[in-house]
>>> print(open('structure21.cif').read())   # mmCIF, C-alpha atoms
data_my_file
#
loop_
_atom_site.label_atom_id
_atom_site.label_comp_id
_atom_site.auth_asym_id
_atom_site.auth_seq_id
_atom_site.Cartn_x
_atom_site.Cartn_y
_atom_site.Cartn_z
CA MET A 1 312.72 91.66 175.45
CA ALA A 2 314.69 88.96 177.25
CA GLY A 3 311.85 86.46 177.00
CA LEU A 4 311.52 86.95 173.25
CA PHE A 5 315.14 86.06 172.54
CA ASP A 6 316.11 83.64 175.32
CA LYS A 7 314.50 80.73 173.47
CA GLN A 8 316.50 81.19 170.27
CA ALA A 9 319.79 82.48 171.68
CA GLU A 10 321.90 79.67 170.20
CA ILE A 11 320.33 80.07 166.75
CA TYR A 12 320.77 83.85 166.93
CA VAL A 13 324.55 83.61 167.35
CA ASP A 14 325.09 81.82 164.04
CA ALA A 15 322.21 83.12 161.97
CA ARG A 16 322.64 86.88 161.92
CA PRO A 17 324.83 88.79 159.42
CA THR A 18 328.01 90.62 160.39
CA TYR A 19 327.93 94.42 160.33
CA PRO A 20 330.44 96.06 157.96
CA THR A 21 333.72 97.18 159.56
CA GLU A 22 333.46 100.59 157.88
CA TRP A 23 330.40 101.41 160.00
CA TYR A 24 332.54 101.23 163.12
CA SER A 25 335.34 103.24 161.52
CA LYS A 26 332.95 106.04 160.58
CA LEU A 27 331.48 106.17 164.08
CA ALA A 28 334.88 106.10 165.76
CA ALA A 29 335.97 109.04 163.59
CA LEU A 30 333.15 111.09 165.14
CA THR A 31 334.33 110.81 168.76
CA PRO A 32 337.44 112.76 169.87
CA GLN A 33 338.18 110.23 172.61
CA HIS A 34 338.16 106.44 172.44
CA SER A 35 338.29 105.35 176.08
CA LEU A 36 334.89 103.74 176.66
CA ALA A 37 332.03 102.50 174.49
CA TRP A 38 328.70 101.05 175.62
CA ASP A 39 326.98 98.44 173.42
CA VAL A 40 323.38 98.17 174.60
CA GLY A 41 321.26 95.09 174.02
CA THR A 42 324.54 93.45 173.06
CA GLY A 43 323.05 89.96 172.65
CA ASN A 44 325.78 87.74 171.23
CA GLY A 45 328.28 90.62 171.29
CA GLN A 46 328.57 90.99 167.53
CA ALA A 47 328.55 94.81 167.53
CA ALA A 48 330.61 94.98 170.72
CA LEU A 49 333.46 93.14 169.00
CA GLY A 50 333.37 95.55 166.07
CA VAL A 51 333.42 98.57 168.37
CA ALA A 52 336.31 97.07 170.35
CA GLU A 53 338.60 97.54 167.35
CA HIS A 54 338.41 101.30 167.98
CA TYR A 55 337.90 101.75 171.75
CA GLU A 56 340.04 100.87 174.75
CA GLN A 57 337.12 99.28 176.59
CA VAL A 58 333.63 98.22 175.55
CA ILE A 59 330.90 97.35 178.02
CA GLY A 60 328.19 95.19 176.48
CA THR A 61 324.95 95.05 178.47
CA ASP A 62 321.83 92.96 178.04
CA ILE A 63 318.78 92.01 180.09
CA SER A 64 318.98 88.44 178.72
CA GLU A 65 321.38 86.23 180.65
CA ASN A 66 320.93 83.47 178.09
CA GLN A 67 322.06 85.72 175.23
CA LEU A 68 325.15 86.74 177.21
CA LYS A 69 326.05 83.09 177.79
CA HIS A 70 326.57 82.83 174.03
CA ALA A 71 328.39 86.15 173.64
CA LYS A 72 331.71 86.14 171.81
CA GLN A 73 334.68 86.97 174.02
CA HIS A 74 337.25 89.73 173.44
CA PRO A 75 339.96 91.09 175.76
CA ARG A 76 338.58 94.64 175.58
CA VAL A 77 334.90 93.68 175.93
CA LYS A 78 333.20 93.23 179.29
CA TYR A 79 329.68 91.79 179.36
CA ILE A 80 327.28 92.72 182.14
CA HIS A 81 323.79 91.41 182.82
CA THR A 82 321.55 94.41 183.55
CA PRO A 83 318.12 93.31 184.80
CA LEU A 84 315.21 95.72 184.50
CA SER A 85 315.17 96.00 188.29
CA LEU A 86 318.41 98.03 188.14
CA SER A 87 317.75 101.70 188.94
CA ASP A 88 319.04 104.49 186.70
CA ASP A 89 321.49 105.65 189.36
CA GLU A 90 322.78 102.09 189.83
CA PHE A 91 323.19 101.78 186.07
CA VAL A 92 325.14 105.03 185.81
CA THR A 93 327.44 103.93 188.63
CA LEU A 94 327.94 100.54 186.97
CA MET A 95 329.04 102.29 183.78
CA GLY A 96 331.60 104.49 185.54
CA GLY A 97 329.58 107.64 186.21
CA GLU A 98 328.06 110.45 184.19
CA ASN A 99 329.88 111.99 181.23
CA SER A 100 332.11 108.92 180.82
CA VAL A 101 331.03 107.16 177.60
CA ASP A 102 332.45 108.14 174.20
CA LEU A 103 330.19 106.00 172.00
CA VAL A 104 326.85 104.28 172.59
CA THR A 105 325.82 101.65 170.04
CA VAL A 106 322.57 99.72 169.69
CA ALA A 107 322.42 97.10 166.93
CA GLU A 108 318.99 95.74 165.95
CA ALA A 109 317.58 96.32 169.44
CA VAL A 110 316.60 99.91 170.30
CA HIS A 111 312.99 99.38 169.18
CA TRP A 112 312.53 97.02 172.15
CA PHE A 113 313.64 99.60 174.72
CA ASP A 114 311.74 101.90 177.06
CA LEU A 115 312.90 104.84 174.95
CA PRO A 116 312.42 107.76 177.41
CA LYS A 117 314.27 105.82 180.13
CA PHE A 118 317.04 104.74 177.76
CA TYR A 119 317.54 108.18 176.23
CA SER A 120 317.72 109.69 179.71
CA LEU A 121 320.52 107.26 180.59
CA VAL A 122 322.33 108.02 177.34
CA THR A 123 322.12 111.75 178.03
CA ARG A 124 323.65 111.25 181.47
CA LEU A 125 326.38 108.85 180.36
CA LEU A 126 327.59 110.33 177.07
CA ARG A 127 330.66 112.51 177.23
CA LYS A 128 329.75 116.15 176.61
CA PRO A 129 330.93 117.41 174.25
CA GLY A 130 332.13 114.67 171.95
CA GLY A 131 330.02 111.63 172.82
CA VAL A 132 327.94 109.98 170.09
CA ILE A 133 325.02 107.55 170.06
CA ALA A 134 324.32 105.35 167.01
CA VAL A 135 321.43 102.93 166.57
CA TRP A 136 320.89 100.74 163.55
CA GLY A 137 318.81 97.87 162.30
CA TYR A 138 318.01 95.89 159.19
CA TYR A 139 314.89 94.34 157.78
CA GLY A 140 314.31 92.81 154.39
CA MET A 141 316.60 91.00 152.00
CA VAL A 142 317.23 90.99 148.26
CA VAL A 143 318.41 87.79 146.56
CA SER A 144 316.81 87.16 143.16
CA THR A 145 313.61 87.72 141.18
CA THR A 146 312.49 84.14 141.88
CA PHE A 147 313.33 84.08 145.60
CA ASP A 148 312.33 87.59 146.68
CA PRO A 149 308.54 87.14 146.17
CA LEU A 150 308.56 84.14 148.54
CA ILE A 151 310.35 86.18 151.19
CA LYS A 152 307.87 89.02 150.71
CA ARG A 153 304.99 86.59 151.25
CA PHE A 154 306.73 85.20 154.35
CA ARG A 155 307.22 88.73 155.69
CA GLU A 156 303.56 89.63 155.18
CA ALA A 157 302.36 86.41 156.80
CA THR A 158 304.44 86.93 159.94
CA GLN A 159 303.33 90.57 160.46
CA PRO A 160 300.53 89.77 162.96
CA PHE A 161 302.99 87.94 165.20
CA TRP A 162 305.51 90.75 165.57
CA ASP A 163 305.55 92.47 168.94
CA PRO A 164 304.10 96.02 168.55
CA ARG A 165 307.48 97.44 169.59
CA ALA A 166 309.03 95.93 166.46
CA HIS A 167 307.02 98.20 164.16
CA HIS A 168 309.74 100.84 164.32
CA LEU A 169 312.09 98.24 162.85
CA LEU A 170 309.62 97.19 160.16
CA ASP A 171 309.31 100.89 159.27
CA GLY A 172 313.07 101.26 158.87
CA TYR A 173 313.35 103.50 161.99
CA ARG A 174 311.65 106.33 160.08
CA THR A 175 309.17 106.78 162.93
CA LEU A 176 311.56 106.04 165.80
CA PRO A 177 311.90 108.96 168.24
CA PHE A 178 315.54 110.05 168.36
CA PRO A 179 316.02 113.31 170.29
CA PHE A 180 319.68 113.91 169.48
CA GLU A 181 321.53 116.45 167.35
CA SER A 182 322.61 115.07 163.98
CA VAL A 183 326.25 114.16 163.39
CA GLY A 184 325.74 113.36 159.71
CA LEU A 185 324.92 109.64 159.78
CA GLY A 186 321.12 109.67 159.88
CA SER A 187 318.80 111.75 162.08
CA GLU A 188 315.27 111.58 163.49
CA GLY A 189 312.83 110.96 160.65
CA GLU A 190 315.65 110.60 158.12
CA PRO A 191 317.63 107.41 158.78
CA LEU A 192 320.77 106.80 156.77
CA GLN A 193 320.06 104.05 154.22
CA LEU A 194 322.66 101.29 154.21
CA GLU A 195 323.24 97.82 152.83
CA MET A 196 325.17 94.81 154.02
CA GLN A 197 325.87 91.55 152.27
CA GLN A 198 326.32 87.96 153.34
CA ARG A 199 327.13 84.76 151.45
CA LEU A 200 324.61 82.10 152.44
CA SER A 201 323.15 78.73 151.63
CA ILE A 202 319.39 78.25 151.90
CA GLU A 203 320.05 76.54 155.25
CA GLY A 204 321.57 79.78 156.51
CA VAL A 205 318.54 81.76 155.38
CA VAL A 206 316.17 79.36 157.14
CA ARG A 207 318.24 79.56 160.34
CA MET A 208 318.03 83.34 160.25
CA LYS A 209 314.25 83.24 159.74
CA ARG A 210 313.94 80.84 162.66
CA SER A 211 315.74 83.37 164.87
CA TYR A 212 312.98 85.97 164.29
CA SER A 213 310.97 86.64 167.44
CA ALA A 214 307.74 86.64 165.39
CA VAL A 215 308.48 83.14 164.07
CA THR A 216 309.14 81.86 167.60
CA THR A 217 305.96 83.53 168.92
CA ALA A 218 303.88 82.01 166.11
CA LYS A 219 305.36 78.54 166.67
CA HIS A 220 304.29 78.65 170.32
CA GLN A 221 300.78 79.50 169.14
CA GLY A 222 300.67 76.53 166.79
CA VAL A 223 301.60 78.35 163.57
CA ASP A 224 304.70 77.06 161.78
CA PHE A 225 305.92 79.49 159.12
CA LEU A 226 308.85 77.24 158.28
CA SER A 227 307.13 73.94 157.71
CA GLU A 228 308.74 71.25 155.57
CA GLY A 229 306.66 72.37 152.58
CA VAL A 230 307.64 76.03 152.93
CA ILE A 231 311.32 75.13 153.23
CA LYS A 232 311.10 72.97 150.08
CA ASP A 233 309.57 75.90 148.16
CA LEU A 234 312.29 78.24 149.41
CA GLU A 235 314.99 75.72 148.52
CA SER A 236 313.63 75.33 145.00
CA ALA A 237 313.47 79.10 144.39
CA TRP A 238 316.96 79.43 145.83
CA GLY A 239 318.42 76.96 143.35
CA GLY A 240 319.03 73.92 145.52
CA PRO A 241 320.47 73.06 148.95
CA ASN A 242 324.11 73.40 147.92
CA LYS A 243 323.93 76.73 146.12
CA ILE A 244 325.63 79.71 147.80
CA ARG A 245 324.16 83.12 147.03
CA THR A 246 324.86 86.72 147.99
CA VAL A 247 322.11 88.14 150.19
CA THR A 248 321.77 91.93 150.43
CA TYR A 249 320.11 93.26 153.57
CA LYS A 250 318.46 96.66 153.72
CA ALA A 251 319.82 98.50 156.78
CA PHE A 252 319.33 101.92 158.35
CA MET A 253 321.08 104.04 160.98
CA LEU A 254 320.41 107.03 163.24
CA SER A 255 323.23 108.80 165.06
CA GLY A 256 323.62 111.93 167.10
CA LYS A 257 325.01 113.78 170.08
CA VAL A 258 323.41 115.27 173.16
CA LYS A 259 321.85 118.65 172.46
CA LEU A 260 323.57 121.27 174.64
#
>>> encode(input="structure21.cif", output="structure tokens")
Amino acid sequence: MAGLFDKQAEIYVDARPTYPTEWYSKLAALTPQHSLAWDVGTGNGQAALGVAEHYEQVIGTDISENQLKHAKQHPRVKYIHTPLSLSDDEFVTLMGGENSVDLVTVAEAVHWFDLPKFYSLVTRLLRKPGGVIAVWGYYGMVVSTTFDPLIKRFREATQPFWDPRAHHLLDGYRTLPFPFESVGLGSEGEPLQLEMQQRLSIEGVVRMKRSYSAVTTAKHQGVDFLSEGVIKDLESAWGGPNKIRTVTYKAFMLSGKVKL
């Protein structure tokens, strides 16, 4: 995963939407203790900062050093580079030992993981009882009847360039394995449907599209999905370069606790 996102780390920081604060409040209400949270695949630290409003300490981990260089700082957030060479036992020790984590969060990243390995680590690290894991993602946007068809065409054109692991995301996590007991905010096969909104110019939309791994992969293969002509068409359907619109993203969440 690191290689896919290292190249666009700076774009990623500014381009992606902010997750609603109420998501973090709902998750925090599910854990009896609020000592330690683990934000996995933390990237620029966006979710880690939201979690930090409810937990005494948050450890944000990522296999991409370049992403962590652009992570947003917070007094209760500690970022750690965790290369794939790290053993499970080393990872558990790094996190403070088994049965020590109150909340595990993964924002827009779990589909890239080695799921059996990751879920094994979560099972060891989550506090039992009481610990909760929550994973979420988003894919697709709604803007207007004139703009949405262009985005649909863009989405269909980029499909062949998505990494196979991203198909869980494109499917709204409906097919993502999630072997945890439901806590009421989405469960295996039945993700909780959510929405989030962002005020953007067309420049902001284009920056977000550029941050897609599929767009970067295609560009390196000589296919430019955001050519000058495409951007002009998007700008026209948007209503001009200076117009600010509300973009609604379709999001989804799975959450659970270790089955005892």
>>> residues_around(input="structure21.cif", residues="Val247 (chain A)", least_positions_apart="4", cutoff="8 Å", atoms="only C-alpha atoms", output="PDB file with C-alpha atoms, in the frame of the given file")
ATOM      1  CA  MET A 141     316.600  91.000 152.000  1.00  0.00           C
ATOM      2  CA  VAL A 142     317.230  90.990 148.260  1.00  0.00           C
ATOM      3  CA  VAL A 143     318.410  87.790 146.560  1.00  0.00           C
ATOM      4  CA  GLN A 197     325.870  91.550 152.270  1.00  0.00           C
ATOM      5  CA  GLN A 198     326.320  87.960 153.340  1.00  0.00           C
ATOM      6  CA  ARG A 199     327.130  84.760 151.450  1.00  0.00           C
ATOM      7  CA  LEU A 200     324.610  82.100 152.440  1.00  0.00           C
TER       8      LEU A 200
END
>>> resolve_selection(input="structure21.cif", expression="the PyMOL selection byres ((chain A and resi 110) around 9)", output="PyMOL selection string")
chain A and resi 40-41+106-109+111-115+118+135-137+169
>>> closest_residue(input="structure21.cif", among="A:Gly204, A:Pro75, A:Gly222, A:Gly96", to="Pro241 (chain A)", atoms="all atoms listed in the file")
A:Gly204
>>> resolve_selection(input="structure21.cif", expression="the PyMOL selection byres ((chain A and resi 47) around 9)", output="VMD selection string")
chain A and resid 18 to 19 24 39 42 to 46 48 to 52 60 105 to 107
>>> resolve_selection(input="structure21.cif", expression="the PyMOL selection byres ((chain A and resi 202) around 8)", output="list of chain:residue names")
A:Leu200, A:Ser201, A:Glu203, A:Gly204, A:Val205, A:Val206, A:Leu234, A:Glu235, A:Trp238, A:Gly240, A:Pro241, A:Asn242, A:Lys243, A:Ile244
>>> closest_residue(input="structure21.cif", among="A:Thr175, A:Asn66, A:Gln159, A:Thr248", to="Ala218 (chain A)", atoms="all atoms listed in the file")
A:Gln159
>>> closest_residue(input="structure21.cif", among="A:Val230, A:Val58, A:Leu86, A:Val258", to="Asn99 (chain A)", atoms="only C-alpha atoms")
A:Val258
>>> atom_distance(input="structure21.cif", atom1="CA of Phe161 (chain A)", atom2="CA of Tyr139 (chain A)")
15.4 Å
